[in-house]
Structure formats: structure tokens, C-alpha cells
Amino acid sequence: MQHKNLTPGIGMNKTDLFIGFLIGLLASFLGCYLFIVFATQYNFISGVQIMKSQGSLGKLVTLGSILDLILFAILLKSNKEVMARGVVLSVIILTIITVFL
């Protein structure tokens, strides 16, 4: 009986991980954009500046990441597990960046 090699990194398509990471970042920024445009009376740039001055930038990124949750579920349904890992990685990176801003 042969076993698959379960070592992380071996057999994992790194381009799919990178594509999932990029899609995750784009979905987060799209979610932030949609929230600012439809929920406030500001345009995107001034909305981000106002949210940052109020200390609400983390909340903005959290609301933007809701699209990542939907994207993650769609990728898992279509058996794109590595791309879904990339989406999770993008959320983790955005969280770390937001903590330090």
C-alpha cells in the first residue's frame, strides 16, 4: 500500500497558493471599497483617511474580509484547497499589517 507524501510543500502547487493569496487581497480591498462607497458619503481615499484618523482601520479591514470568507467557501466547494489556503494566508497577512498600523 503506497502512501502519499504528506510533507508540507511537496506536491503543493505554489502558483495556486500565490493566486489564492492575490485573490484574497483583491477581495479584501474590494470589500473595503464597497463598504466605503455604499455605507459612507466619502470617496475611497478620503474614507480610508478618515477611518484611519478615527482609529477604525482595523474594523474597515474586517468588514472587507467578509468577501474572503465567501471566496474561501466557494474555493473549497470547487476542490481548490491550495487556493483556499492562499486566501487564508492573505487574511493572516492583512491582520498582521493592520495590527501594526
# chains A, B, ... in the order shown; residues from 1 in each chain; ligands from 1

call {"tool": "residues_around", "arguments": {"residues": "Ile50 in chain A", "least_positions_apart": "5", "cutoff": "12 Å", "atoms": "only C-alpha atoms", "output": "VMD selection string"}}
result
chain A and resid 36 40 to 45 55 to 57 60

call {"tool": "closest_atom_pairs", "arguments": {"of": "range 27-78 of chain A", "to": "range 14-20 of chain A", "cutoff": "10 Å", "atoms": "only C-alpha atoms", "output": "JSON lines"}}
result
{"residue": "A:Leu71", "atom": "CA", "partner": "A:Gly20", "partner_atom": "CA", "distance": 9.5}
{"residue": "A:Phe72", "atom": "CA", "partner": "A:Gly20", "partner_atom": "CA", "distance": 9.2}
{"residue": "A:Leu75", "atom": "CA", "partner": "A:Gly20", "partner_atom": "CA", "distance": 9.1}

call {"tool": "residues_around", "arguments": {"residues": "Cys32 in chain A", "least_positions_apart": "5", "cutoff": "7 Å", "atoms": "only C-alpha atoms", "output": "ChimeraX atom specification"}}
result
/A:60-61,63-64

call {"tool": "write_last_selection", "arguments": {"atoms": "N, CA, C and O atoms", "output": "PDB file, in the first residue's frame"}}
result
ATOM      1  N   LEU A  60     -12.477  48.444   9.331  1.00  0.00           N
ATOM      2  CA  LEU A  60     -12.668  48.503   7.880  1.00  0.00           C
ATOM      3  C   LEU A  60     -12.108  47.260   7.205  1.00  0.00           C
ATOM      4  O   LEU A  60     -12.757  46.665   6.344  1.00  0.00           O
ATOM      5  N   VAL A  61     -10.913  46.843   7.605  1.00  0.00           N
ATOM      6  CA  VAL A  61     -10.303  45.644   7.021  1.00  0.00           C
ATOM      7  C   VAL A  61     -11.118  44.404   7.382  1.00  0.00           C
ATOM      8  O   VAL A  61     -11.290  43.496   6.557  1.00  0.00           O
ATOM      9  N   LEU A  63     -14.384  44.282   7.876  1.00  0.00           N
ATOM     10  CA  LEU A  63     -15.567  44.280   7.013  1.00  0.00           C
ATOM     11  C   LEU A  63     -15.207  43.903   5.579  1.00  0.00           C
ATOM     12  O   LEU A  63     -15.972  43.225   4.896  1.00  0.00           O
ATOM     13  N   GLY A  64     -14.048  44.347   5.129  1.00  0.00           N
ATOM     14  CA  GLY A  64     -13.606  43.998   3.781  1.00  0.00           C
ATOM     15  C   GLY A  64     -13.302  42.514   3.632  1.00  0.00           C
ATOM     16  O   GLY A  64     -13.432  41.942   2.552  1.00  0.00           O
TER      17      GLY A  64
END

call {"tool": "select_by_dssp", "arguments": {"residues": "chain A", "states": "alpha helix (DSSP H)", "output": "VMD selection string"}}
result
chain A and resid 14 to 39 44 to 53 57 to 64 66 to 77 81 to 100

call {"tool": "closest_residue", "arguments": {"among": "A:Thr62, A:Asn13, A:Ser46, A:Gln54", "to": "Thr95 in chain A", "atoms": "only C-alpha atoms"}}
result
A:Thr62

call {"tool": "atom_distance", "arguments": {"atom1": "CA of Lys59 in chain A", "atom2": "CA of Ser90 in chain A"}}
result
16.4 Å

call {"tool": "decode", "arguments": {"residues": "range 22-59 of chain A", "atoms": "N, CA and C atoms", "output": "compact mmCIF listing (two decimals), in the first residue's frame"}}
result
# COMPACT_ATOMS: atom_id res chain seq x y z
N LEU A 22 -3.32 36.37 -3.88
CA LEU A 22 -3.67 37.59 -4.61
C LEU A 22 -5.18 37.80 -4.69
N ILE A 23 -5.91 36.73 -4.94
CA ILE A 23 -7.37 36.83 -4.99
C ILE A 23 -7.92 37.25 -3.63
N GLY A 24 -7.34 36.73 -2.56
CA GLY A 24 -7.76 37.11 -1.22
C GLY A 24 -7.51 38.59 -0.93
N LEU A 25 -6.34 39.09 -1.34
CA LEU A 25 -6.05 40.52 -1.16
C LEU A 25 -7.02 41.38 -1.97
N LEU A 26 -7.25 40.99 -3.22
CA LEU A 26 -8.17 41.76 -4.06
C LEU A 26 -9.59 41.75 -3.50
N ALA A 27 -10.02 40.61 -2.99
CA ALA A 27 -11.36 40.53 -2.41
C ALA A 27 -11.48 41.41 -1.17
N SER A 28 -10.44 41.46 -0.36
CA SER A 28 -10.47 42.32 0.83
C SER A 28 -10.53 43.79 0.44
N PHE A 29 -9.71 44.19 -0.52
CA PHE A 29 -9.73 45.58 -0.95
C PHE A 29 -11.05 45.94 -1.62
N LEU A 30 -11.62 45.00 -2.37
CA LEU A 30 -12.93 45.24 -2.98
C LEU A 30 -14.00 45.40 -1.90
N GLY A 31 -13.94 44.57 -0.87
CA GLY A 31 -14.90 44.69 0.23
C GLY A 31 -14.77 46.02 0.95
N CYS A 32 -13.53 46.47 1.18
CA CYS A 32 -13.31 47.78 1.81
C CYS A 32 -13.85 48.90 0.93
N TYR A 33 -13.58 48.80 -0.36
CA TYR A 33 -14.05 49.81 -1.30
C TYR A 33 -15.58 49.88 -1.32
N LEU A 34 -16.21 48.71 -1.41
CA LEU A 34 -17.67 48.68 -1.45
C LEU A 34 -18.28 49.23 -0.17
N PHE A 35 -17.67 48.91 0.97
CA PHE A 35 -18.20 49.43 2.23
C PHE A 35 -18.11 50.96 2.27
N ILE A 36 -16.95 51.50 1.90
CA ILE A 36 -16.79 52.96 1.97
C ILE A 36 -17.71 53.66 0.99
N VAL A 37 -17.83 53.14 -0.21
CA VAL A 37 -18.64 53.81 -1.23
C VAL A 37 -20.13 53.74 -0.89
N PHE A 38 -20.61 52.59 -0.43
CA PHE A 38 -22.04 52.43 -0.21
C PHE A 38 -22.51 52.77 1.20
N ALA A 39 -21.64 52.70 2.21
CA ALA A 39 -22.07 52.94 3.58
C ALA A 39 -21.70 54.32 4.10
N THR A 40 -20.84 55.04 3.39
CA THR A 40 -20.48 56.38 3.82
C THR A 40 -20.71 57.35 2.67
N GLN A 41 -20.58 58.64 2.97
CA GLN A 41 -20.75 59.62 1.90
C GLN A 41 -19.41 60.06 1.32
N TYR A 42 -18.32 59.39 1.71
CA TYR A 42 -16.99 59.76 1.26
C TYR A 42 -16.57 58.94 0.05
N ASN A 43 -15.58 59.45 -0.68
CA ASN A 43 -14.98 58.60 -1.72
C ASN A 43 -13.95 57.70 -1.04
N PHE A 44 -13.31 56.83 -1.80
CA PHE A 44 -12.49 55.78 -1.20
C PHE A 44 -11.29 56.34 -0.44
N ILE A 45 -10.53 57.23 -1.08
CA ILE A 45 -9.30 57.73 -0.46
C ILE A 45 -9.61 58.52 0.81
N SER A 46 -10.55 59.44 0.74
CA SER A 46 -10.86 60.23 1.94
C SER A 46 -11.53 59.36 3.00
N GLY A 47 -12.28 58.37 2.60
CA GLY A 47 -12.89 57.45 3.56
C GLY A 47 -11.86 56.67 4.34
N VAL A 48 -10.82 56.19 3.65
CA VAL A 48 -9.75 55.45 4.33
C VAL A 48 -9.00 56.38 5.28
N GLN A 49 -8.74 57.61 4.84
CA GLN A 49 -8.03 58.57 5.71
C GLN A 49 -8.85 58.90 6.95
N ILE A 50 -10.14 59.07 6.79
CA ILE A 50 -11.00 59.37 7.94
C ILE A 50 -11.07 58.17 8.89
N MET A 51 -11.22 56.98 8.34
CA MET A 51 -11.27 55.78 9.18
C MET A 51 -9.95 55.60 9.94
N LYS A 52 -8.83 55.89 9.29
CA LYS A 52 -7.53 55.77 9.95
C LYS A 52 -7.41 56.81 11.06
N SER A 53 -7.86 58.04 10.82
CA SER A 53 -7.77 59.08 11.85
C SER A 53 -8.67 58.78 13.04
N GLN A 54 -9.76 58.07 12.81
CA GLN A 54 -10.66 57.69 13.90
C GLN A 54 -10.21 56.42 14.61
N GLY A 55 -9.19 55.76 14.07
CA GLY A 55 -8.73 54.51 14.66
C GLY A 55 -9.59 53.32 14.29
N SER A 56 -10.32 53.42 13.19
CA SER A 56 -11.24 52.36 12.77
C SER A 56 -10.75 51.59 11.55
N LEU A 57 -9.47 51.68 11.27
CA LEU A 57 -8.94 51.00 10.08
C LEU A 57 -9.05 49.47 10.22
N GLY A 58 -8.85 48.97 11.41
CA GLY A 58 -8.99 47.53 11.65
C GLY A 58 -10.41 47.04 11.39
N LYS A 59 -11.36 47.85 11.77
CA LYS A 59 -12.77 47.49 11.53
C LYS A 59 -13.08 47.50 10.04
